file work24.tsv (TSV, C-alpha atoms and all ligand atoms)
chain	number	residue	atom	x	y	z
A	29	MET	CA	96.47	-19.27	161.57
A	30	THR	CA	92.96	-19.03	160.29
A	31	GLN	CA	92.31	-21.07	157.20
A	32	GLY	CA	89.51	-22.81	155.41
A	33	THR	CA	89.13	-26.47	156.32
A	34	ALA	CA	86.02	-27.90	154.77
A	35	SER	CA	84.10	-30.65	156.46
A	36	GLY	CA	84.06	-34.06	154.79
A	37	SER	CA	86.93	-36.04	153.31
A	38	VAL	CA	89.47	-34.79	150.79
A	39	LEU	CA	92.23	-36.65	148.96
A	40	VAL	CA	95.34	-34.78	147.80
A	41	THR	CA	96.78	-36.80	144.98
A	42	GLY	CA	99.29	-36.44	142.16
A	43	ILE	CA	102.08	-35.72	144.68
A	44	GLY	CA	105.34	-36.40	142.83
A	45	GLU	CA	107.43	-36.08	145.98
A	46	LEU	CA	105.99	-36.03	149.49
A	47	VAL	CA	108.16	-34.81	152.38
A	48	THR	CA	106.40	-35.90	155.58
A	49	CYS	CA	109.05	-34.87	158.16
A	50	ALA	CA	107.53	-37.75	160.10
A	51	GLY	CA	110.39	-40.22	160.09
A	52	ALA	CA	110.90	-43.32	157.99
A	53	ASP	CA	107.90	-45.11	159.44
A	54	GLY	CA	105.55	-42.27	158.65
A	55	GLY	CA	104.06	-41.66	162.07
A	56	THR	CA	106.19	-41.90	165.18
A	57	PRO	CA	107.57	-38.77	166.84
A	58	VAL	CA	110.91	-37.64	165.56
A	59	ASP	CA	113.96	-39.04	167.35
A	60	ALA	CA	117.01	-36.78	167.33
A	61	ARG	CA	119.33	-39.76	166.80
A	62	VAL	CA	118.02	-40.64	163.36
A	63	THR	CA	119.52	-38.89	160.34
A	64	ALA	CA	117.95	-35.98	158.54
A	65	ALA	CA	117.41	-38.20	155.48
A	66	GLN	CA	115.44	-40.67	157.60
A	67	ARG	CA	113.53	-37.90	159.33
A	68	LEU	CA	112.42	-36.49	155.97
A	69	GLY	CA	110.16	-39.50	155.42
A	70	LEU	CA	110.33	-39.04	151.64
A	71	ARG	CA	107.66	-40.76	149.49
A	72	ARG	CA	107.08	-40.86	145.72
A	73	ASP	CA	103.77	-40.90	143.87
A	74	ALA	CA	101.96	-40.29	147.11
A	75	ALA	CA	98.55	-39.18	148.29
A	76	VAL	CA	97.27	-37.75	151.56
A	77	ALA	CA	93.71	-38.09	152.86
A	78	ALA	CA	92.15	-35.79	155.43
A	79	VAL	CA	88.80	-35.51	157.17
A	80	ASP	CA	87.69	-32.25	158.76
A	81	GLY	CA	91.20	-30.81	158.54
A	82	VAL	CA	92.97	-33.79	160.14
A	83	ILE	CA	95.16	-36.25	158.22
A	84	THR	CA	93.64	-39.76	158.18
A	85	TRP	CA	95.83	-41.58	155.66
A	86	VAL	CA	99.24	-41.21	153.93
A	87	GLY	CA	100.45	-43.63	151.29
A	88	ARG	CA	100.89	-44.53	147.63
A	89	ALA	CA	98.41	-42.87	145.31
A	90	ASP	CA	97.43	-46.18	143.72
A	91	SER	CA	96.11	-47.47	147.03
A	92	ALA	CA	94.40	-44.27	148.21
A	93	PRO	CA	91.00	-44.44	149.91
A	94	ALA	CA	87.87	-42.93	148.41
A	95	ALA	CA	87.07	-39.33	149.36
A	96	ASP	CA	84.33	-36.76	148.85
A	97	ARG	CA	86.71	-34.53	146.90
A	98	ARG	CA	90.09	-34.85	145.18
A	99	ILE	CA	92.79	-32.21	144.71
A	100	ASP	CA	95.35	-33.22	142.06
A	101	VAL	CA	98.62	-31.29	142.47
A	102	GLY	CA	99.95	-32.48	139.11
A	103	GLY	CA	103.24	-34.09	140.14
A	104	ARG	CA	104.43	-31.21	142.33
A	105	ALA	CA	106.26	-31.70	145.62
A	106	VAL	CA	104.27	-31.38	148.86
A	107	VAL	CA	105.85	-30.58	152.23
A	108	PRO	CA	104.41	-29.83	155.68
A	109	GLY	CA	103.20	-26.26	155.93
A	110	PHE	CA	106.01	-24.19	157.44
A	111	VAL	CA	105.90	-23.44	161.17
A	112	ASP	CA	107.19	-19.91	161.72
A	113	SER	CA	107.75	-19.97	165.48
A	114	HIS	CA	108.99	-16.37	165.86
A	115	SER	CA	107.45	-13.23	164.38
A	116	HIS	CA	106.47	-9.68	165.32
A	117	LEU	CA	103.54	-8.97	163.00
A	118	VAL	CA	101.49	-6.47	165.02
A	119	TYR	CA	102.89	-3.08	164.13
A	120	ALA	CA	102.25	0.02	162.05
A	121	GLY	CA	104.69	2.14	160.07
A	122	ASP	CA	107.92	0.98	158.55
A	123	ARG	CA	111.63	1.54	159.08
A	124	ALA	CA	112.99	1.41	155.57
A	125	GLY	CA	115.07	4.52	156.29
A	126	GLU	CA	116.71	2.82	159.27
A	127	PHE	CA	117.48	-0.20	157.09
A	128	SER	CA	119.08	1.99	154.44
A	129	ALA	CA	121.14	3.81	157.07
A	130	ARG	CA	122.29	0.48	158.50
A	131	MET	CA	123.34	-0.71	155.08
A	132	ALA	CA	125.34	2.51	154.82
A	133	GLY	CA	127.15	1.75	158.07
A	134	THR	CA	125.03	2.76	161.08
A	135	PRO	CA	125.15	-0.08	163.66
A	136	TYR	CA	121.98	-1.65	165.14
A	137	ASP	CA	121.50	-1.56	168.94
A	138	GLY	CA	117.76	-2.16	169.32
A	139	GLY	CA	116.89	1.52	169.63
A	140	GLY	CA	114.75	1.79	166.48
A	141	ILE	CA	111.99	-0.22	168.15
A	142	GLY	CA	110.76	3.09	169.64
A	143	VAL	CA	109.84	4.28	166.13
A	144	SER	CA	107.55	1.28	165.66
A	145	VAL	CA	106.04	1.79	169.12
A	146	THR	CA	105.04	5.36	168.26
A	147	ALA	CA	103.45	4.34	164.95
A	148	THR	CA	101.68	1.32	166.47
A	149	ARG	CA	100.15	3.32	169.32
A	150	ALA	CA	98.88	5.90	166.83
A	151	ALA	CA	97.13	3.32	164.64
A	152	GLY	CA	93.44	2.51	165.04
A	153	ASP	CA	92.26	-1.03	165.73
A	154	ASP	CA	90.98	-1.56	162.19
A	155	GLU	CA	94.22	-0.28	160.65
A	156	LEU	CA	96.32	-2.55	162.86
A	157	ARG	CA	94.03	-5.51	162.20
A	158	GLY	CA	94.22	-4.90	158.45
A	159	LEU	CA	98.01	-4.73	158.48
A	160	LEU	CA	98.23	-7.93	160.53
A	161	ARG	CA	95.84	-9.85	158.29
A	162	ALA	CA	97.69	-8.74	155.16
A	163	ARG	CA	100.94	-10.09	156.66
A	164	ILE	CA	99.26	-13.40	157.53
A	165	ALA	CA	98.00	-13.66	153.95
A	166	GLU	CA	101.53	-13.04	152.66
A	167	MET	CA	102.79	-15.86	154.87
A	168	ARG	CA	100.20	-18.34	153.65
A	169	ALA	CA	101.03	-17.40	150.08
A	170	LEU	CA	104.62	-18.44	150.90
A	171	GLY	CA	103.69	-21.79	152.47
A	172	THR	CA	103.45	-20.96	156.18
A	173	THR	CA	100.48	-22.54	157.97
A	174	THR	CA	101.34	-21.82	161.63
A	175	VAL	CA	102.84	-18.60	162.95
A	176	GLU	CA	103.70	-17.40	166.41
A	177	VAL	CA	102.98	-13.67	166.83
A	178	LYS	CA	104.47	-11.49	169.56
A	179	SER	CA	103.31	-8.19	170.99
A	180	GLY	CA	106.06	-5.73	171.85
A	181	TYR	CA	105.30	-2.57	169.86
A	182	GLY	CA	102.64	-1.32	172.29
A	183	LEU	CA	104.61	-1.24	175.57
A	184	SER	CA	101.72	0.21	177.54
A	185	VAL	CA	99.00	-1.82	179.26
A	186	ALA	CA	96.32	-0.86	176.75
A	187	ASP	CA	98.52	-1.15	173.66
A	188	GLU	CA	100.03	-4.51	174.60
A	189	GLU	CA	96.58	-5.89	175.48
A	190	ARG	CA	95.27	-4.68	172.12
A	191	SER	CA	98.20	-6.18	170.20
A	192	LEU	CA	97.62	-9.60	171.73
A	193	ARG	CA	93.86	-9.44	171.34
A	194	LEU	CA	94.31	-8.77	167.62
A	195	ALA	CA	97.00	-11.45	167.30
A	196	ARG	CA	94.68	-13.99	168.92
A	197	GLU	CA	92.25	-13.39	166.06
A	198	VAL	CA	94.74	-14.95	163.64
A	199	THR	CA	96.72	-17.51	165.67
A	200	ASP	CA	96.67	-19.51	168.90
A	201	GLU	CA	100.43	-18.97	169.25
A	202	THR	CA	100.49	-15.53	170.83
A	203	THR	CA	103.37	-14.21	172.92
A	204	PHE	CA	103.42	-11.34	175.39
A	205	LEU	CA	106.59	-9.31	174.81
A	206	GLY	CA	106.06	-6.28	177.02
A	207	ALA	CA	109.75	-6.72	177.88
A	208	HIS	CA	110.86	-5.98	174.33
A	209	VAL	CA	112.67	-2.75	175.27
A	210	VAL	CA	112.28	-0.09	177.94
A	211	PRO	CA	110.08	2.44	176.06
A	212	PRO	CA	111.14	6.10	175.82
A	213	ASP	CA	108.17	7.23	177.94
A	214	ALA	CA	109.55	5.21	180.89
A	215	ARG	CA	112.26	7.91	180.97
A	216	GLY	CA	114.91	5.40	181.89
A	217	ASP	CA	113.13	4.19	185.04
A	218	ARG	CA	113.76	0.52	184.38
A	219	ALA	CA	112.49	-0.68	187.76
A	220	ALA	CA	109.16	1.12	187.37
A	221	TYR	CA	108.73	-0.24	183.85
A	222	LEU	CA	109.44	-3.79	185.03
A	223	ASP	CA	106.89	-3.35	187.81
A	224	LEU	CA	104.37	-2.43	185.11
A	225	VAL	CA	105.30	-5.36	182.85
A	226	CYS	CA	105.18	-7.94	185.65
A	227	GLY	CA	102.05	-6.44	187.22
A	228	PRO	CA	99.15	-4.74	185.41
A	229	MET	CA	100.47	-5.35	181.89
A	230	LEU	CA	100.90	-9.09	182.44
A	231	GLU	CA	97.51	-9.29	184.07
A	232	ALA	CA	95.85	-7.59	181.09
A	233	CYS	CA	97.77	-9.61	178.49
A	234	ALA	CA	97.85	-13.12	179.93
A	235	PRO	CA	94.26	-13.95	178.89
A	236	HIS	CA	95.24	-13.41	175.22
A	237	ALA	CA	98.69	-15.03	175.35
A	238	ARG	CA	100.08	-18.56	175.40
A	239	TRP	CA	103.69	-17.46	175.90
A	240	ILE	CA	105.84	-14.78	177.48
A	241	ASP	CA	109.13	-13.60	175.97
A	242	VAL	CA	111.88	-11.16	176.94
A	243	PHE	CA	114.69	-9.45	175.01
A	244	CYS	CA	117.57	-10.50	177.29
A	245	GLU	CA	120.52	-8.61	175.84
A	246	PRO	CA	122.74	-6.75	178.32
A	247	ALA	CA	124.79	-5.46	175.37
A	248	SER	CA	121.85	-3.25	174.36
A	249	PRO	CA	120.97	-0.31	176.63
A	250	HIS	CA	117.33	-0.71	175.55
A	251	ALA	CA	116.93	-4.41	176.41
A	252	PHE	CA	117.08	-6.39	179.66
A	253	THR	CA	119.73	-7.86	181.92
A	254	GLU	CA	119.77	-11.41	183.24
A	255	ASP	CA	118.13	-10.49	186.57
A	256	GLU	CA	115.49	-8.36	184.85
A	257	ALA	CA	114.75	-11.10	182.32
A	258	ARG	CA	114.49	-13.74	185.05
A	259	ARG	CA	111.97	-11.60	186.90
A	260	VAL	CA	109.82	-11.23	183.77
A	261	LEU	CA	109.94	-14.93	182.92
A	262	VAL	CA	109.14	-16.10	186.44
A	263	ALA	CA	106.18	-13.69	186.60
A	264	GLY	CA	104.93	-15.05	183.27
A	265	ARG	CA	105.34	-18.63	184.39
A	266	ASP	CA	103.41	-17.85	187.59
A	267	ALA	CA	100.64	-16.42	185.39
A	268	GLY	CA	100.45	-19.72	183.49
A	269	LEU	CA	102.39	-18.73	180.38
A	270	GLY	CA	105.05	-20.80	178.60
A	271	LEU	CA	108.53	-19.30	178.27
A	272	ARG	CA	110.50	-18.04	175.27
A	273	VAL	CA	113.67	-15.90	175.27
A	274	HIS	CA	115.39	-13.55	172.80
A	275	GLY	CA	119.03	-14.24	173.66
A	276	ASN	CA	122.61	-13.89	172.47
A	277	GLN	CA	121.69	-11.85	169.40
A	278	LEU	CA	124.10	-8.94	169.64
A	279	ALA	CA	126.84	-10.37	171.86
A	280	ALA	CA	127.64	-13.25	174.17
A	281	GLY	CA	125.42	-13.06	177.23
A	282	PRO	CA	123.20	-14.83	179.73
A	283	GLY	CA	120.09	-15.42	177.55
A	284	VAL	CA	120.74	-19.02	176.53
A	285	ARG	CA	121.67	-20.24	179.99
A	286	LEU	CA	118.71	-18.44	181.54
A	287	ALA	CA	116.35	-20.06	179.02
A	288	VAL	CA	117.78	-23.50	179.76
A	289	GLU	CA	117.71	-22.93	183.52
A	290	LEU	CA	114.00	-22.03	183.41
A	291	GLY	CA	113.07	-24.75	180.90
A	292	ALA	CA	111.95	-22.33	178.18
A	293	ALA	CA	110.48	-23.93	175.05
A	294	SER	CA	112.83	-21.90	172.86
A	295	VAL	CA	115.74	-19.50	172.96
A	296	ASP	CA	115.90	-17.44	169.82
A	297	HIS	CA	118.77	-15.88	167.84
A	298	CYS	CA	121.74	-17.77	169.45
A	299	THR	CA	124.17	-15.85	167.27
A	300	PHE	CA	126.96	-15.40	169.82
A	301	LEU	CA	127.43	-18.55	171.91
A	302	SER	CA	130.15	-19.68	174.28
A	303	ARG	CA	131.14	-23.32	174.67
A	304	ASP	CA	129.14	-23.37	177.93
A	305	ASP	CA	126.06	-22.12	176.08
A	306	VAL	CA	126.35	-24.92	173.53
A	307	GLU	CA	126.79	-27.51	176.27
A	308	ALA	CA	123.74	-26.14	178.06
A	309	LEU	CA	121.70	-26.45	174.86
A	310	VAL	CA	122.92	-30.00	174.26
A	311	GLY	CA	121.82	-30.88	177.79
A	312	ALA	CA	118.43	-29.24	177.17
A	313	ALA	CA	117.70	-31.13	173.92
A	314	GLY	CA	114.09	-32.26	174.08
A	315	THR	CA	113.14	-29.27	176.24
A	316	THR	CA	114.66	-26.07	174.86
A	317	VAL	CA	114.98	-25.53	171.11
A	318	ALA	CA	117.57	-23.10	169.71
A	319	THR	CA	115.65	-21.10	167.13
A	320	LEU	CA	117.86	-19.49	164.51
A	321	LEU	CA	116.71	-16.41	162.59
A	322	PRO	CA	119.20	-15.95	159.74
A	323	GLY	CA	117.04	-13.35	158.03
A	324	VAL	CA	118.14	-11.01	160.84
A	325	GLU	CA	121.82	-11.58	160.15
A	326	PHE	CA	121.13	-11.07	156.44
A	327	SER	CA	119.24	-7.82	157.06
A	328	THR	CA	121.67	-6.44	159.63
A	329	ARG	CA	124.82	-7.68	157.85
A	330	SER	CA	125.90	-9.62	160.93
A	331	PRO	CA	127.69	-12.95	161.34
A	332	TYR	CA	125.39	-15.97	161.11
A	333	PRO	CA	124.90	-18.38	164.04
A	334	ASP	CA	126.94	-21.57	163.91
A	335	ALA	CA	124.02	-23.77	162.89
A	336	ARG	CA	126.31	-26.50	161.59
A	337	GLY	CA	128.21	-26.68	164.89
A	338	LEU	CA	124.97	-26.70	166.91
A	339	LEU	CA	123.45	-29.53	164.89
A	340	ASP	CA	126.65	-31.56	164.98
A	341	ALA	CA	126.82	-31.07	168.77
A	342	GLY	CA	123.29	-32.47	169.16
A	343	VAL	CA	121.32	-29.26	169.74
A	344	ASP	CA	117.67	-29.06	168.63
A	345	ILE	CA	117.50	-26.19	166.14
A	346	ALA	CA	114.53	-24.57	164.45
A	347	LEU	CA	114.37	-21.89	161.75
A	348	ALA	CA	111.98	-18.93	161.83
A	349	THR	CA	111.69	-15.53	160.15
A	350	ASP	CA	111.59	-13.06	163.08
A	351	CYS	CA	109.53	-11.01	160.62
A	352	ASN	CA	109.56	-7.48	162.09
A	353	PRO	CA	109.80	-3.89	160.84
A	354	GLY	CA	113.35	-3.27	162.04
A	355	THR	CA	115.84	-6.09	161.69
A	356	CYS	CA	114.22	-8.51	159.26
A	357	ASN	CA	111.21	-7.52	157.22
A	358	THR	CA	110.53	-10.75	155.40
A	359	ALA	CA	107.82	-13.32	156.07
A	360	SER	CA	109.38	-15.88	153.74
A	361	MET	CA	110.29	-19.24	155.23
A	362	PRO	CA	111.62	-20.40	151.81
A	363	PHE	CA	114.06	-17.47	151.94
A	364	VAL	CA	115.12	-18.49	155.46
A	365	ILE	CA	115.63	-22.08	154.26
A	366	ALA	CA	117.80	-20.82	151.39
A	367	LEU	CA	119.88	-18.74	153.83
A	368	ALA	CA	120.27	-21.72	156.16
A	369	VAL	CA	121.60	-23.88	153.35
A	370	ARG	CA	123.75	-21.27	151.62
A	371	GLU	CA	125.06	-19.32	154.63
A	372	MET	CA	124.82	-21.73	157.58
A	373	ARG	CA	125.75	-24.98	155.83
A	374	LEU	CA	122.66	-26.99	156.65
A	375	THR	CA	121.63	-29.61	154.12
A	376	SER	CA	118.30	-29.01	152.41
A	377	ALA	CA	116.89	-31.91	154.45
A	378	GLU	CA	118.09	-30.40	157.73
A	379	ALA	CA	116.73	-26.99	156.77
A	380	ILE	CA	113.22	-28.16	155.93
A	381	ILE	CA	113.05	-30.22	159.13
A	382	ALA	CA	114.11	-27.13	161.11
A	383	ALA	CA	111.41	-25.08	159.34
A	384	THR	CA	108.60	-27.54	160.02
A	385	VAL	CA	108.69	-30.25	162.67
A	386	SER	CA	111.39	-28.55	164.76
A	387	GLY	CA	109.47	-25.26	164.62
A	388	ALA	CA	106.51	-27.22	165.97
A	389	LYS	CA	108.74	-28.52	168.76
A	390	ALA	CA	109.74	-24.94	169.59
A	391	LEU	CA	106.01	-24.32	170.11
A	392	ARG	CA	105.59	-27.63	172.01
A	393	ARG	CA	103.17	-28.84	169.34
A	394	SER	CA	102.99	-32.39	167.97
A	395	ASP	CA	99.95	-31.85	165.73
A	396	ILE	CA	101.69	-29.64	163.15
A	397	GLY	CA	104.95	-29.58	161.18
A	398	ARG	CA	104.66	-33.11	159.81
A	399	ILE	CA	102.40	-35.03	157.50
A	400	ALA	CA	101.21	-38.02	159.51
A	401	VAL	CA	97.93	-39.59	160.57
A	402	GLY	CA	96.43	-37.48	163.34
A	403	SER	CA	98.28	-34.28	162.41
A	404	ARG	CA	96.53	-31.21	161.10
A	405	ALA	CA	96.19	-31.23	157.34
A	406	ASP	CA	98.52	-28.26	156.93
A	407	LEU	CA	100.25	-28.82	153.60
A	408	ALA	CA	102.40	-26.62	151.37
A	409	VAL	CA	102.65	-27.36	147.67
A	410	LEU	CA	105.75	-26.39	145.70
A	411	GLU	CA	106.02	-25.22	142.11
A	412	ALA	CA	108.85	-27.73	141.86
A	413	PRO	CA	109.45	-31.47	141.64
A	414	SER	CA	111.51	-31.58	144.86
A	415	PHE	CA	111.89	-29.78	148.19
A	416	GLU	CA	115.54	-29.20	147.26
A	417	HIS	CA	114.40	-26.43	144.92
A	418	LEU	CA	113.60	-24.23	147.95
A	419	ALA	CA	117.32	-23.53	148.44
A	420	TYR	CA	118.32	-24.21	144.85
A	421	ARG	CA	116.00	-21.46	143.50
A	422	PRO	CA	116.21	-18.72	146.17
A	423	GLY	CA	113.79	-15.83	145.92
A	424	MET	CA	111.42	-17.66	143.58
A	425	PRO	CA	107.71	-17.97	144.49
A	426	LEU	CA	107.76	-21.76	144.85
A	427	ALA	CA	105.71	-22.50	147.98
A	428	ARG	CA	102.08	-21.84	148.89
A	429	ALA	CA	99.81	-23.20	151.59
A	430	LEU	CA	97.38	-25.70	150.08
A	431	ASP	CA	93.80	-24.66	150.72
A	432	LEU	CA	91.72	-27.79	151.31
A	433	SER	CA	88.40	-25.94	151.58
B	501	ZN	ZN	112.29	-11.31	167.60
call {"tool": "encode", "arguments": {"input": "work24.tsv", "output": "structure tokens"}}
result
Amino acid sequence: MTQGTASGSVLVTGIGELVTCAGADGGTPVDARVTAAQRLGLRRDAAVAAVDGVITWVGRADSAPAADRRIDVGGRAVVPGFVDSHSHLVYAGDRAGEFSARMAGTPYDGGGIGVSVTATRAAGDDELRGLLRARIAEMRALGTTTVEVKSGYGLSVADEERSLRLAREVTDETTFLGAHVVPPDARGDRAAYLDLVCGPMLEACAPHARWIDVFCEPASPHAFTEDEARRVLVAGRDAGLGLRVHGNQLAAGPGVRLAVELGAASVDHCTFLSRDDVEALVGAAGTTVATLLPGVEFSTRSPYPDARGLLDAGVDIALATDCNPGTCNTASMPFVIALAVREMRLTSAEAIIAATVSGAKALRRSDIGRIAVGSRADLAVLEAPSFEHLAYRPGMPLARALDLS
């Protein structure tokens, strides 16, 4: 995400409660065997020093180093800026009518994506860029400092390339999702569309993308089967892209096991899992993160994933918004944290870890998601004395990214 990071040193002081998400010793990489309370790395009366946007010191305020500038946060809590590792922010139009119909009983099968494709293709570059930047600004205002952005509402070579080019203007974490659905203009010729995705579309998009993703959901007639998804992922890997998978959202299916088999960084949704899926994810801890998107279940009135069972089994889980115009139109990580605590029985400590350092892990990043020497100085300040207020006061505007410029 673009943000102002001034040159020179800055000291953030007056931190009543500092959540580092960097473990009890304040710096070493997180070890899955330590408890969430230890992983929080909680400090009182703390300060954080940074130089040129990189953290250089973390400790007690009364022993803080000198700095060119000081920012006093007045006793508020400070947490790592949220890492939203799954979003679909490049689109035009909205689907409020579809949402209302769904709330009135119409089931979701992935078909409404075509509405967003039509609106996105019709939008000019400046319109699409303006919409994207407004969404990024909303996220920062809610405490998010890193966001992954997928294409997937263009679904032609030119429109996917444009989506990723615009996304690259606002984040390094860009994902090619030409295999979102088979678009209506493919007229049901799935093989021809896959040839396009794995050929010219991938070639045009790869220069702007870090990742490739696929909606592997045989239960939806619009999404992709296991064999189709494998073909897309292997083509992306051969083009130098990292792998991500949308899997097991609407029904049990092959998405999770495919993601584990191919060593994907993340498999996202994980709402309907078999015992074999959970075992596969346990075996893939350290490689493949299960990213849960409870805003989708909230917005589609669906059962939530078994986050508690996954954590207790030893699965790496992350939380993200899946912000998109169809199934979850919120960019709020605090809202997702509140859902995770209230609806999925995570503790507040587990939820904030999943929304920060585990989100970073889902993006294979060690320089974000925690407040430690050497990490990026991406901080969120809360209008609250403690991080626990994020779930305790749902829907309140508590978090904002701290601008150090
Ligand atoms: Zn998604």
call {"tool": "closest_atom_pairs", "arguments": {"input": "work24.tsv", "of": "chain A", "to": "ligand ZN 501 (chain B)", "cutoff": "12 Å", "atoms": "only C-alpha atoms and all ligand atoms", "output": "Markdown table"}}
result
| residue | atom | partner | partner_atom | distance |
| --- | --- | --- | --- | --- |
| A:Asp112 | CA | B:ZN501 | ZN | 11.6 |
| A:Ser113 | CA | B:ZN501 | ZN | 10.0 |
| A:His114 | CA | B:ZN501 | ZN | 6.3 |
| A:Ser115 | CA | B:ZN501 | ZN | 6.1 |
| A:His116 | CA | B:ZN501 | ZN | 6.5 |
| A:Leu117 | CA | B:ZN501 | ZN | 10.2 |
| A:Gly138 | CA | B:ZN501 | ZN | 10.8 |
| A:Ile141 | CA | B:ZN501 | ZN | 11.1 |
| A:Glu176 | CA | B:ZN501 | ZN | 10.6 |
| A:Val177 | CA | B:ZN501 | ZN | 9.6 |
| A:Lys178 | CA | B:ZN501 | ZN | 8.1 |
| A:Ser179 | CA | B:ZN501 | ZN | 10.1 |
| A:Gly180 | CA | B:ZN501 | ZN | 9.4 |
| A:Tyr181 | CA | B:ZN501 | ZN | 11.4 |
| A:Thr203 | CA | B:ZN501 | ZN | 10.8 |
| A:Phe204 | CA | B:ZN501 | ZN | 11.8 |
| A:Leu205 | CA | B:ZN501 | ZN | 9.4 |
| A:Ala207 | CA | B:ZN501 | ZN | 11.5 |
| A:His208 | CA | B:ZN501 | ZN | 8.7 |
| A:Val209 | CA | B:ZN501 | ZN | 11.5 |
| A:Asp241 | CA | B:ZN501 | ZN | 9.2 |
| A:Val242 | CA | B:ZN501 | ZN | 9.4 |
| A:Phe243 | CA | B:ZN501 | ZN | 8.0 |
| A:Cys244 | CA | B:ZN501 | ZN | 11.1 |
| A:Glu245 | CA | B:ZN501 | ZN | 12.0 |
| A:Arg272 | CA | B:ZN501 | ZN | 10.4 |
| A:Val273 | CA | B:ZN501 | ZN | 9.0 |
| A:His274 | CA | B:ZN501 | ZN | 6.5 |
| A:Gly275 | CA | B:ZN501 | ZN | 9.5 |
| A:Asn276 | CA | B:ZN501 | ZN | 11.7 |
| A:Gln277 | CA | B:ZN501 | ZN | 9.6 |
| A:Ser294 | CA | B:ZN501 | ZN | 11.8 |
| A:Val295 | CA | B:ZN501 | ZN | 10.4 |
| A:Asp296 | CA | B:ZN501 | ZN | 7.5 |
| A:His297 | CA | B:ZN501 | ZN | 7.9 |
| A:Cys298 | CA | B:ZN501 | ZN | 11.6 |
| A:Thr319 | CA | B:ZN501 | ZN | 10.4 |
| A:Leu320 | CA | B:ZN501 | ZN | 10.4 |
| A:Leu321 | CA | B:ZN501 | ZN | 8.4 |
| A:Pro322 | CA | B:ZN501 | ZN | 11.4 |
| A:Gly323 | CA | B:ZN501 | ZN | 10.9 |
| A:Val324 | CA | B:ZN501 | ZN | 8.9 |
| A:Ala348 | CA | B:ZN501 | ZN | 9.6 |
| A:Thr349 | CA | B:ZN501 | ZN | 8.6 |
| A:Asp350 | CA | B:ZN501 | ZN | 4.9 |
| A:Cys351 | CA | B:ZN501 | ZN | 7.5 |
| A:Asn352 | CA | B:ZN501 | ZN | 7.2 |
| A:Pro353 | CA | B:ZN501 | ZN | 10.3 |
| A:Gly354 | CA | B:ZN501 | ZN | 9.8 |
| A:Thr355 | CA | B:ZN501 | ZN | 8.6 |
| A:Cys356 | CA | B:ZN501 | ZN | 9.0 |
| A:Asn357 | CA | B:ZN501 | ZN | 11.1 |
call {"tool": "closest_residue", "arguments": {"input": "work24.tsv", "among": "A:Thr316, A:Ser403, A:Thr299, A:Ser184", "to": "Pro331 of chain A", "atoms": "all atoms listed in the file"}}
result
A:Thr299
call {"tool": "atom_distance", "arguments": {"input": "work24.tsv", "atom1": "atom CA of Glu166 of chain A", "atom2": "atom CA of Gly152 of chain A"}}
result
21.5 Å
call {"tool": "atom_distance", "arguments": {"input": "work24.tsv", "atom1": "atom CA of Leu160 of chain A", "atom2": "atom CA of Glu189 of chain A"}}
result
15.2 Å
call {"tool": "atom_distance", "arguments": {"input": "work24.tsv", "atom1": "atom CA of Arg398 of chain A", "atom2": "atom CA of Val175 of chain A"}}
result
15.0 Å
call {"tool": "residues_around", "arguments": {"input": "work24.tsv", "residues": "segment 417-424 of chain A", "least_positions_apart": "3", "cutoff": "12 Å", "atoms": "all atoms listed in the file", "output": "JSON, numbers by chain"}}
result
{"A": [45, 104, 105, 106, 107, 170, 171, 358, 360, 361, 362, 363, 364, 365, 366, 367, 368, 369, 370, 371, 372, 373, 374, 375, 376, 377, 378, 379, 380, 383, 408, 409, 410, 411, 412, 413, 414, 427, 428]}
call {"tool": "residues_around", "arguments": {"input": "work24.tsv", "residues": "segment 86-91 of chain A", "least_positions_apart": "3", "cutoff": "7 Å", "atoms": "all atoms listed in the file", "output": "list of chain:residue names"}}
result
A:Thr41, A:Asp73, A:Ala74, A:Ala75, A:Val76, A:Ala77, A:Ala400, A:Val401
call {"tool": "write_last_selection", "arguments": {"input": "work24.tsv", "atoms": "C-alpha atoms", "output": "tab-separated table (two decimals), in the frame of the given file"}}
result
chain	number	residue	atom	x	y	z
A	41	THR	CA	96.78	-36.80	144.98
A	73	ASP	CA	103.77	-40.90	143.87
A	74	ALA	CA	101.96	-40.29	147.11
A	75	ALA	CA	98.55	-39.18	148.29
A	76	VAL	CA	97.27	-37.75	151.56
A	77	ALA	CA	93.71	-38.09	152.86
A	400	ALA	CA	101.21	-38.02	159.51
A	401	VAL	CA	97.93	-39.59	160.57
call {"tool": "closest_residue", "arguments": {"input": "work24.tsv", "among": "A:Val343, A:Ala280, A:Val210, A:Ala382", "to": "Leu309 of chain A", "atoms": "all atoms listed in the file"}}
result
A:Val343
call {"tool": "closest_residue", "arguments": {"input": "work24.tsv", "among": "A:Cys233, A:Ala388, A:Ala186, A:Ile381", "to": "Arg404 of chain A", "atoms": "all atoms listed in the file"}}
result
A:Ala388
call {"tool": "residues_around", "arguments": {"input": "work24.tsv", "residues": "Val317 of chain A", "least_positions_apart": "4", "cutoff": "7 Å", "atoms": "all atoms listed in the file", "output": "list in words"}}
result
Ala293, Ser294, Val295, Ala313, Asp344, Ile345, Ala346 and Ala390 of chain A
call {"tool": "residues_around", "arguments": {"input": "work24.tsv", "residues": "segment 255-263 of chain A", "least_positions_apart": "3", "cutoff": "6 Å", "atoms": "only C-alpha atoms", "output": "PyMOL selection string"}}
result
chain A and resi 226+244+252+266
call {"tool": "axis_aligned_box", "arguments": {"input": "work24.tsv", "around": "segment 367-381 of chain A", "padding_each_side": "8 Å", "output": "lines of an AutoDock Vina configuration file"}}
result
center_x = 119.4
center_y = -25.3
center_z = 155.4
size_x = 28.7
size_y = 29.2
size_z = 23.5
